[in-house]
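Asker: What follows is the file final14.txt, containing compact mmCIF, C-alpha atoms:
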```txt
# COMPACT_ATOMS: atom_id res chain seq x y z
CA MET A 60 181.22 38.71 58.28
CA THR A 61 180.98 36.01 60.98
CA THR A 62 182.72 35.73 64.30
CA GLN A 63 183.47 32.30 65.62
CA ALA A 64 185.64 31.60 68.66
CA GLY A 65 187.47 34.88 68.29
CA ILE A 66 188.30 34.31 64.61
CA VAL A 67 186.88 36.79 62.17
CA THR A 68 186.04 35.36 58.79
CA THR A 69 184.39 37.08 55.89
CA ASP A 70 182.09 35.56 53.31
CA ARG A 71 184.02 36.93 50.40
CA ARG A 72 183.70 35.74 46.88
CA PRO A 73 186.01 36.66 44.02
CA VAL A 74 184.80 39.64 42.02
CA VAL A 75 185.99 37.89 38.87
CA PRO A 76 186.77 34.18 38.59
CA ASN A 77 190.50 33.53 38.43
CA SER A 78 190.21 31.81 35.08
CA VAL A 79 188.42 34.79 33.55
CA LEU A 80 190.92 37.28 34.98
CA GLY A 81 193.83 35.17 33.78
CA MET A 82 192.24 34.88 30.36
CA LEU A 83 191.67 38.64 30.20
CA ILE A 84 195.35 39.29 30.96
CA PHE A 85 196.34 36.73 28.35
CA ILE A 86 193.97 38.30 25.82
CA THR A 87 195.48 41.72 26.52
CA THR A 88 198.89 40.40 25.54
CA GLU A 89 197.40 38.74 22.47
CA VAL A 90 195.75 41.98 21.38
CA MET A 91 199.13 43.68 21.57
CA PHE A 92 200.67 40.84 19.57
CA PHE A 93 198.14 41.32 16.77
CA ALA A 94 198.45 45.10 17.03
CA GLY A 95 202.18 44.70 16.43
CA LEU A 96 201.56 42.57 13.33
CA ILE A 97 198.96 44.99 11.95
CA SER A 98 201.27 47.91 12.70
CA ALA A 99 204.11 46.27 10.74
CA PHE A 100 201.68 45.56 7.91
CA THR A 101 200.42 49.16 7.81
CA ILE A 102 203.86 50.73 7.86
CA THR A 103 205.30 48.37 5.25
CA ARG A 104 202.30 48.94 3.03
CA ALA A 105 202.62 52.72 3.32
CA GLY A 106 206.26 52.57 2.30
CA ALA A 107 205.90 50.04 -0.52
CA ALA A 108 205.89 50.93 -4.18
CA PRO A 109 202.50 50.27 -5.85
CA LEU A 110 203.72 47.37 -7.98
CA ALA A 111 205.66 45.85 -5.11
CA TRP A 112 202.51 45.59 -3.01
CA SER A 113 200.62 42.92 -4.90
CA LEU A 114 200.29 39.18 -5.29
CA PRO A 115 201.98 37.26 -8.11
CA ALA A 116 200.37 37.40 -11.58
CA GLY A 117 197.97 40.17 -10.59
CA GLN A 118 195.94 37.99 -8.26
CA VAL A 119 193.92 39.53 -5.47
CA LEU A 120 192.99 38.25 -2.05
CA PRO A 121 189.52 36.61 -2.08
CA ALA A 122 187.76 39.26 0.01
CA GLY A 123 184.28 38.21 -1.20
CA GLU A 124 184.62 34.57 -0.20
CA THR A 125 186.18 35.56 3.09
CA ALA A 126 183.18 37.78 3.83
CA PHE A 127 181.07 34.61 4.05
CA ASN A 128 183.64 32.95 6.33
CA SER A 129 183.67 36.08 8.47
CA ALA A 130 179.87 36.00 8.74
CA ALA A 131 180.06 32.41 10.03
CA LEU A 132 182.66 33.43 12.62
CA ILE A 133 180.71 36.45 13.83
CA LEU A 134 177.51 34.43 13.96
CA SER A 135 179.28 31.86 16.15
CA GLY A 136 180.13 34.68 18.56
CA PHE A 137 176.47 35.66 18.85
CA VAL A 138 175.41 32.02 19.27
CA LEU A 139 177.96 31.69 22.07
CA ILE A 140 176.48 34.74 23.80
CA TYR A 141 173.11 32.99 23.57
CA ALA A 142 174.68 29.81 24.99
CA HIS A 143 176.03 31.89 27.89
CA TRP A 144 172.56 33.25 28.65
CA ARG A 145 171.06 29.76 28.49
CA TYR A 146 173.78 28.38 30.77
CA ARG A 147 173.25 31.16 33.28
CA ASP A 148 169.46 31.13 33.24
CA ALA A 149 168.39 27.60 32.38
CA GLY A 150 171.33 25.35 33.16
CA ARG A 151 173.78 23.25 31.21
CA ALA A 152 171.22 21.12 29.41
CA ALA A 153 169.78 24.19 27.71
CA ALA A 154 173.20 25.56 26.74
CA SER A 155 174.58 22.38 25.21
CA THR A 156 173.06 22.79 21.74
CA PRO A 157 173.94 26.49 21.23
CA LEU A 158 177.48 25.79 22.45
CA LEU A 159 177.79 22.98 19.91
CA VAL A 160 176.42 25.23 17.14
CA ALA A 161 178.92 27.97 18.03
CA THR A 162 181.77 25.45 17.98
CA LEU A 163 180.68 24.06 14.61
CA LEU A 164 180.39 27.54 13.10
CA GLY A 165 183.91 28.28 14.30
CA THR A 166 185.11 25.03 12.78
CA LEU A 167 183.39 25.98 9.52
CA PHE A 168 185.28 29.27 9.51
CA VAL A 169 188.64 27.54 9.94
CA ALA A 170 187.78 24.92 7.30
CA LEU A 171 186.75 27.56 4.76
CA GLN A 172 189.87 29.57 5.50
CA GLY A 173 191.92 26.42 4.92
CA ARG A 174 190.18 25.92 1.58
CA GLU A 175 190.95 29.52 0.65
CA TRP A 176 194.60 29.01 1.56
CA TRP A 177 194.73 25.86 -0.53
CA GLY A 178 193.48 27.83 -3.52
CA LEU A 179 196.03 30.61 -3.03
CA LEU A 180 198.91 28.19 -2.55
CA SER A 181 197.96 26.29 -5.70
CA GLN A 182 198.09 29.60 -7.61
CA GLY A 183 201.62 30.27 -6.43
CA VAL A 184 200.89 32.67 -3.59
CA THR A 185 203.33 31.64 -0.88
CA LEU A 186 205.19 33.20 2.02
CA GLN A 187 208.08 34.00 -0.29
CA SER A 188 206.17 35.10 -3.39
CA SER A 189 205.61 38.68 -2.26
CA THR A 190 205.62 40.90 0.81
CA LEU A 191 201.83 41.01 0.80
CA GLY A 192 201.69 37.21 0.62
CA ALA A 193 204.10 36.91 3.54
CA PHE A 194 202.08 39.30 5.68
CA PHE A 195 198.84 37.60 4.67
CA TYR A 196 199.99 34.13 5.72
CA VAL A 197 201.60 35.31 8.94
CA ILE A 198 198.68 37.44 10.16
CA VAL A 199 195.79 35.27 8.98
CA GLY A 200 197.68 32.08 9.89
CA THR A 201 198.33 33.29 13.41
CA HIS A 202 194.66 34.11 13.78
CA ALA A 203 193.75 30.65 12.49
CA LEU A 204 196.01 29.04 15.11
CA HIS A 205 194.24 31.03 17.81
CA ALA A 206 190.88 30.02 16.37
CA ILE A 207 191.86 26.33 16.43
CA ALA A 208 193.00 26.61 20.07
CA ALA A 209 189.76 28.35 21.01
CA ILE A 210 187.66 25.75 19.17
CA ILE A 211 189.43 22.98 21.10
CA GLY A 212 188.57 24.86 24.32
CA LEU A 213 184.92 25.15 23.32
CA ALA A 214 184.78 21.49 22.29
CA VAL A 215 186.20 20.43 25.66
CA ALA A 216 183.66 22.68 27.38
CA TRP A 217 180.85 21.08 25.38
CA GLN A 218 182.08 17.59 26.20
CA ARG A 219 182.31 18.42 29.91
CA MET A 220 178.92 20.08 29.76
CA ARG A 221 177.42 16.85 28.46
CA GLN A 222 179.22 14.81 31.11
CA GLY A 223 178.13 17.19 33.85
CA THR A 224 181.70 18.03 34.88
CA LEU A 225 181.95 21.50 33.39
CA THR A 226 182.90 24.23 35.83
CA ARG A 227 181.65 27.75 35.42
CA THR A 228 185.22 29.08 35.45
CA PHE A 229 186.37 26.86 32.59
CA PHE A 230 183.38 27.73 30.47
CA TYR A 231 183.77 31.47 31.00
CA GLY A 232 187.50 31.29 30.27
CA ALA A 233 186.99 29.39 27.01
CA GLU A 234 184.17 31.75 26.14
CA ALA A 235 186.33 34.85 26.69
CA PHE A 236 189.03 33.49 24.39
CA TRP A 237 186.53 32.78 21.65
CA TYR A 238 185.12 36.32 21.90
CA PHE A 239 188.67 37.60 21.41
CA VAL A 240 189.13 35.44 18.29
CA VAL A 241 185.82 36.70 16.90
CA ALA A 242 186.39 40.37 17.78
CA ILE A 243 189.91 40.63 16.36
CA TRP A 244 188.95 39.09 13.01
CA PRO A 245 187.03 42.06 11.47
CA VAL A 246 190.05 44.28 12.17
CA ILE A 247 192.35 41.81 10.40
CA TYR A 248 189.91 41.27 7.56
CA LEU A 249 189.37 44.97 6.83
CA ARG A 250 193.06 45.78 7.14
CA VAL A 251 194.63 42.90 5.21
CA TYR A 252 192.08 42.05 2.52
CA PHE A 253 191.37 45.59 1.30
CA MET B 101 196.95 85.88 26.29
CA ILE B 102 199.11 83.24 27.88
CA TYR B 103 196.86 80.50 26.53
CA ARG B 104 197.22 81.85 22.99
CA ALA B 105 201.01 81.93 23.41
CA LEU B 106 200.98 78.37 24.72
CA PHE B 107 198.80 77.26 21.81
CA ILE B 108 201.13 78.85 19.26
CA ALA B 109 204.14 77.34 21.01
CA MET B 110 202.53 73.88 20.86
CA LEU B 111 201.78 74.31 17.17
CA LEU B 112 205.37 75.30 16.50
CA ILE B 113 206.67 72.30 18.44
CA ALA B 114 204.33 70.00 16.54
CA ALA B 115 205.44 71.43 13.20
CA ALA B 116 209.11 71.68 14.04
CA PRO B 117 210.25 68.09 13.32
CA ALA B 118 209.06 68.21 9.72
CA ALA B 119 210.41 71.73 9.18
CA ALA B 120 213.79 70.72 10.57
CA PHE B 121 213.83 67.41 8.68
CA ALA B 122 214.08 65.75 12.07
CA CYS B 123 211.45 63.14 11.25
CA ALA B 124 213.31 59.85 10.87
CA VAL B 125 210.77 58.28 8.54
CA CYS B 126 209.45 61.26 6.55
CA GLY B 127 212.10 60.89 3.87
CA MET B 128 211.58 57.19 3.29
CA GLY B 129 210.61 56.05 -0.17
CA GLY B 130 207.20 54.92 -1.32
CA PRO B 131 204.14 56.77 -2.46
CA GLY B 132 202.16 56.08 0.70
CA ASN B 133 201.80 58.38 3.64
CA ASN B 134 204.75 56.99 5.52
CA ALA B 135 204.88 59.54 8.27
CA GLY B 136 201.11 59.25 8.73
CA ALA B 137 201.36 55.46 9.04
CA TYR B 138 204.12 55.75 11.63
CA PHE B 139 202.25 58.45 13.53
CA GLY B 140 198.98 56.50 13.53
CA MET B 141 200.58 53.24 14.56
CA THR B 142 202.63 54.91 17.27
CA LEU B 143 199.47 56.46 18.61
CA ALA B 144 197.58 53.15 18.42
CA LEU B 145 200.33 51.05 20.01
CA SER B 146 200.86 53.62 22.77
CA SER B 147 197.21 54.01 23.69
CA LEU B 148 196.06 50.40 23.24
CA PRO B 149 197.72 48.91 26.35
CA LEU B 150 196.45 51.76 28.49
CA LEU B 151 192.94 51.34 27.13
CA LEU B 152 193.00 47.56 27.58
CA ILE B 153 194.36 47.60 31.13
CA GLY B 154 192.12 50.54 32.00
CA GLY B 155 189.13 48.66 30.59
CA VAL B 156 189.86 45.54 32.64
CA VAL B 157 190.39 47.56 35.82
CA TYR B 158 187.17 49.52 35.23
CA TRP B 159 185.24 46.30 34.58
CA ILE B 160 186.55 44.77 37.82
CA TYR B 161 185.66 47.96 39.66
CA ARG B 162 182.12 47.82 38.29
CA ARG B 163 181.84 44.14 39.24
CA SER B 164 183.02 44.88 42.78
CA ASP B 165 180.19 47.40 43.06
CA GLU B 166 177.77 44.58 42.30
CA GLY B 167 179.12 42.58 45.25
CA SER B 168 175.76 42.47 46.95
CA VAL B 169 174.42 40.25 44.19
CA PRO B 170 174.85 36.63 45.32
CA GLN B 171 177.23 34.78 43.05
CA PRO B 172 177.12 31.02 42.54
CA ASP B 173 180.01 29.03 43.87
CA GLU B 174 182.97 28.78 41.49
CA HIS B 175 182.47 25.09 40.88
CA SER B 176 178.73 25.00 41.08
CA LEU B 177 176.83 23.63 38.15
CA PRO B 178 173.53 25.05 37.02
CA ARG B 179 170.80 22.45 36.94
```
Written as structure tokens, how would this file's structure read?
Answerer:
Amino acid sequence: MTTQAGIVTTDRRPVVPNSVLGMLIFITTEVMFFAGLISAFTITRAGAAPLAWSLPAGQVLPAGETAFNSAALILSGFVLIYAHWRYRDAGRAAASTPLLVATLLGTLFVALQGREWWGLLSQGVTLQSSTLGAFFYVIVGTHALHAIAAIIGLAVAWQRMRQGTLTRTFFYGAEAFWYFVVAIWPVIYLRVYF
Amino acid sequence: MIYRALFIAMLLIAAAPAAAFACAVCGMGGPGNNAGAYFGMTLALSSLPLLLIGGVVYWIYRRSDEGSVPQPDEHSLPR
């Protein structure tokens, strides 16, 4: 606290950057959104007859292939944590490469998911083919949209990091959103694919 | 004695809806555990917002305790 000409000012800094707090509130609403979808899925599944809860022509969701995609997504989360440490301890130059790797791993996840969707669609699994198919596309598709938005955020952060215009608040906000995308996926994967 | 009576009363209250067929979803079709799914999801959706908001508030509280640690300026760039 400093006193200057009768005016009392305090050297106060925000406990949490505004961008991070705003992102946390946004993520809270997003968690509830996904919880609502998973809740609807669970209740519909519990009430469905065994034959009604399946894909057309006895197909099953590709849980094995998706396990690899999931590994890429989770790995990107850990690489981003590493990028955060590098940014905090060694500066932006040291964090640039891990941030790029995390972004590329996230992009790989979305690309592989898109390939998986292409395969399912070509086999006749659509939104209207069955209740399970409808839930699958809505839940996984919504997650994919969030992943794409988060990847764009990380890519912008990487670009700004290279240009030297990245602010700490932007980076932490984009980071928080990506952690949400990574953390919600195992719940979706274990609930929907099995 | 009073605790035992309270415990028994709580058990009766918990069991009463099913016994009285007052559960709106217990009679729904399907081989799955319908009532269990509703109960679990109601529990999850009721507790999740409290846990999330409580977690954020607790995290901010913990961060405010670390206020003595100098923080870099919001727009500062690490070198």
Asker: For Ile133 (chain A), list every protein, DNA or RNA residue within 10 Å, evaluated using all atoms listed in the file, and leave out those in the same chain fewer than 3 positions away; present the list as a ChimeraX atom specification.
Answerer: /A:127-130,136-139,161,164-165,168,238,240-242,244-245
Asker: Residues of chain A near chain B: apply a cut-off of 9 Å, count only C-alpha atoms, and supply the list as a PDB file with C-alpha atoms, keeping the file's coordinate frame.
Answerer:
```pdb
ATOM      1  CA  ARG A  72     183.700  35.740  46.880  1.00  0.00           C
ATOM      2  CA  PRO A  73     186.010  36.660  44.020  1.00  0.00           C
ATOM      3  CA  VAL A  74     184.800  39.640  42.020  1.00  0.00           C
ATOM      4  CA  VAL A  75     185.990  37.890  38.870  1.00  0.00           C
ATOM      5  CA  PRO A  76     186.770  34.180  38.590  1.00  0.00           C
ATOM      6  CA  LEU A  80     190.920  37.280  34.980  1.00  0.00           C
ATOM      7  CA  LEU A  83     191.670  38.640  30.200  1.00  0.00           C
ATOM      8  CA  ILE A  84     195.350  39.290  30.960  1.00  0.00           C
ATOM      9  CA  THR A  87     195.480  41.720  26.520  1.00  0.00           C
ATOM     10  CA  THR A  88     198.890  40.400  25.540  1.00  0.00           C
ATOM     11  CA  VAL A  90     195.750  41.980  21.380  1.00  0.00           C
ATOM     12  CA  MET A  91     199.130  43.680  21.570  1.00  0.00           C
ATOM     13  CA  ALA A  94     198.450  45.100  17.030  1.00  0.00           C
ATOM     14  CA  GLY A  95     202.180  44.700  16.430  1.00  0.00           C
ATOM     15  CA  ILE A  97     198.960  44.990  11.950  1.00  0.00           C
ATOM     16  CA  SER A  98     201.270  47.910  12.700  1.00  0.00           C
ATOM     17  CA  ALA A  99     204.110  46.270  10.740  1.00  0.00           C
ATOM     18  CA  THR A 101     200.420  49.160   7.810  1.00  0.00           C
ATOM     19  CA  ILE A 102     203.860  50.730   7.860  1.00  0.00           C
ATOM     20  CA  THR A 103     205.300  48.370   5.250  1.00  0.00           C
ATOM     21  CA  ARG A 104     202.300  48.940   3.030  1.00  0.00           C
ATOM     22  CA  ALA A 105     202.620  52.720   3.320  1.00  0.00           C
ATOM     23  CA  GLY A 106     206.260  52.570   2.300  1.00  0.00           C
ATOM     24  CA  ALA A 107     205.900  50.040  -0.520  1.00  0.00           C
ATOM     25  CA  ALA A 108     205.890  50.930  -4.180  1.00  0.00           C
ATOM     26  CA  PRO A 109     202.500  50.270  -5.850  1.00  0.00           C
ATOM     27  CA  TYR A 146     173.780  28.380  30.770  1.00  0.00           C
ATOM     28  CA  ARG A 147     173.250  31.160  33.280  1.00  0.00           C
ATOM     29  CA  ASP A 148     169.460  31.130  33.240  1.00  0.00           C
ATOM     30  CA  ALA A 149     168.390  27.600  32.380  1.00  0.00           C
ATOM     31  CA  GLY A 150     171.330  25.350  33.160  1.00  0.00           C
ATOM     32  CA  ARG A 151     173.780  23.250  31.210  1.00  0.00           C
ATOM     33  CA  ALA A 152     171.220  21.120  29.410  1.00  0.00           C
ATOM     34  CA  GLY A 223     178.130  17.190  33.850  1.00  0.00           C
ATOM     35  CA  THR A 224     181.700  18.030  34.880  1.00  0.00           C
ATOM     36  CA  LEU A 225     181.950  21.500  33.390  1.00  0.00           C
ATOM     37  CA  THR A 226     182.900  24.230  35.830  1.00  0.00           C
ATOM     38  CA  ARG A 227     181.650  27.750  35.420  1.00  0.00           C
ATOM     39  CA  THR A 228     185.220  29.080  35.450  1.00  0.00           C
TER      40      THR A 228
END
```
Asker: To one decimal place, how far is CA of Phe100 (chain A) from CA of Thr190 (chain A) in Å?
Answerer: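 Between these atoms lies a distance of 9.4 Å.
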Asker: To one decimal place, how far is CA of Leu167 (chain A) from CA of Leu132 (chain A) in Å?
Answerer: 8.1 Å
Asker: Within 9 Å of Gln182 (chain A), counting only C-alpha atoms, which residues qualify if same-chain residues fewer than 5 places away don't, as a count of residues only?
Answerer: 3
Asker: Could you jot down the CA of Leu171 (chain A) to CA of Ile243 (chain A) separation for me, Å, one decimal place?
Answerer: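 A separation of 17.8 Å between them.
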Asker: Counting all atoms listed in the file, figure out which residue out of A:Ala142, A:Leu249, A:Leu180, A:Ala209 gets nearest to Ala193 (chain A).
Answerer: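 The shortest atom-to-atom distance to Ala193 (chain A) comes from A:Leu180.
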Asker: Is there a way to get, as a PyMOL selection string, all residues within 7 Å of the point (188.5, 40.2, 28.0) in file coordinates, counting only C-alpha atoms?
Answerer: chain A and resi 82-83+86+235
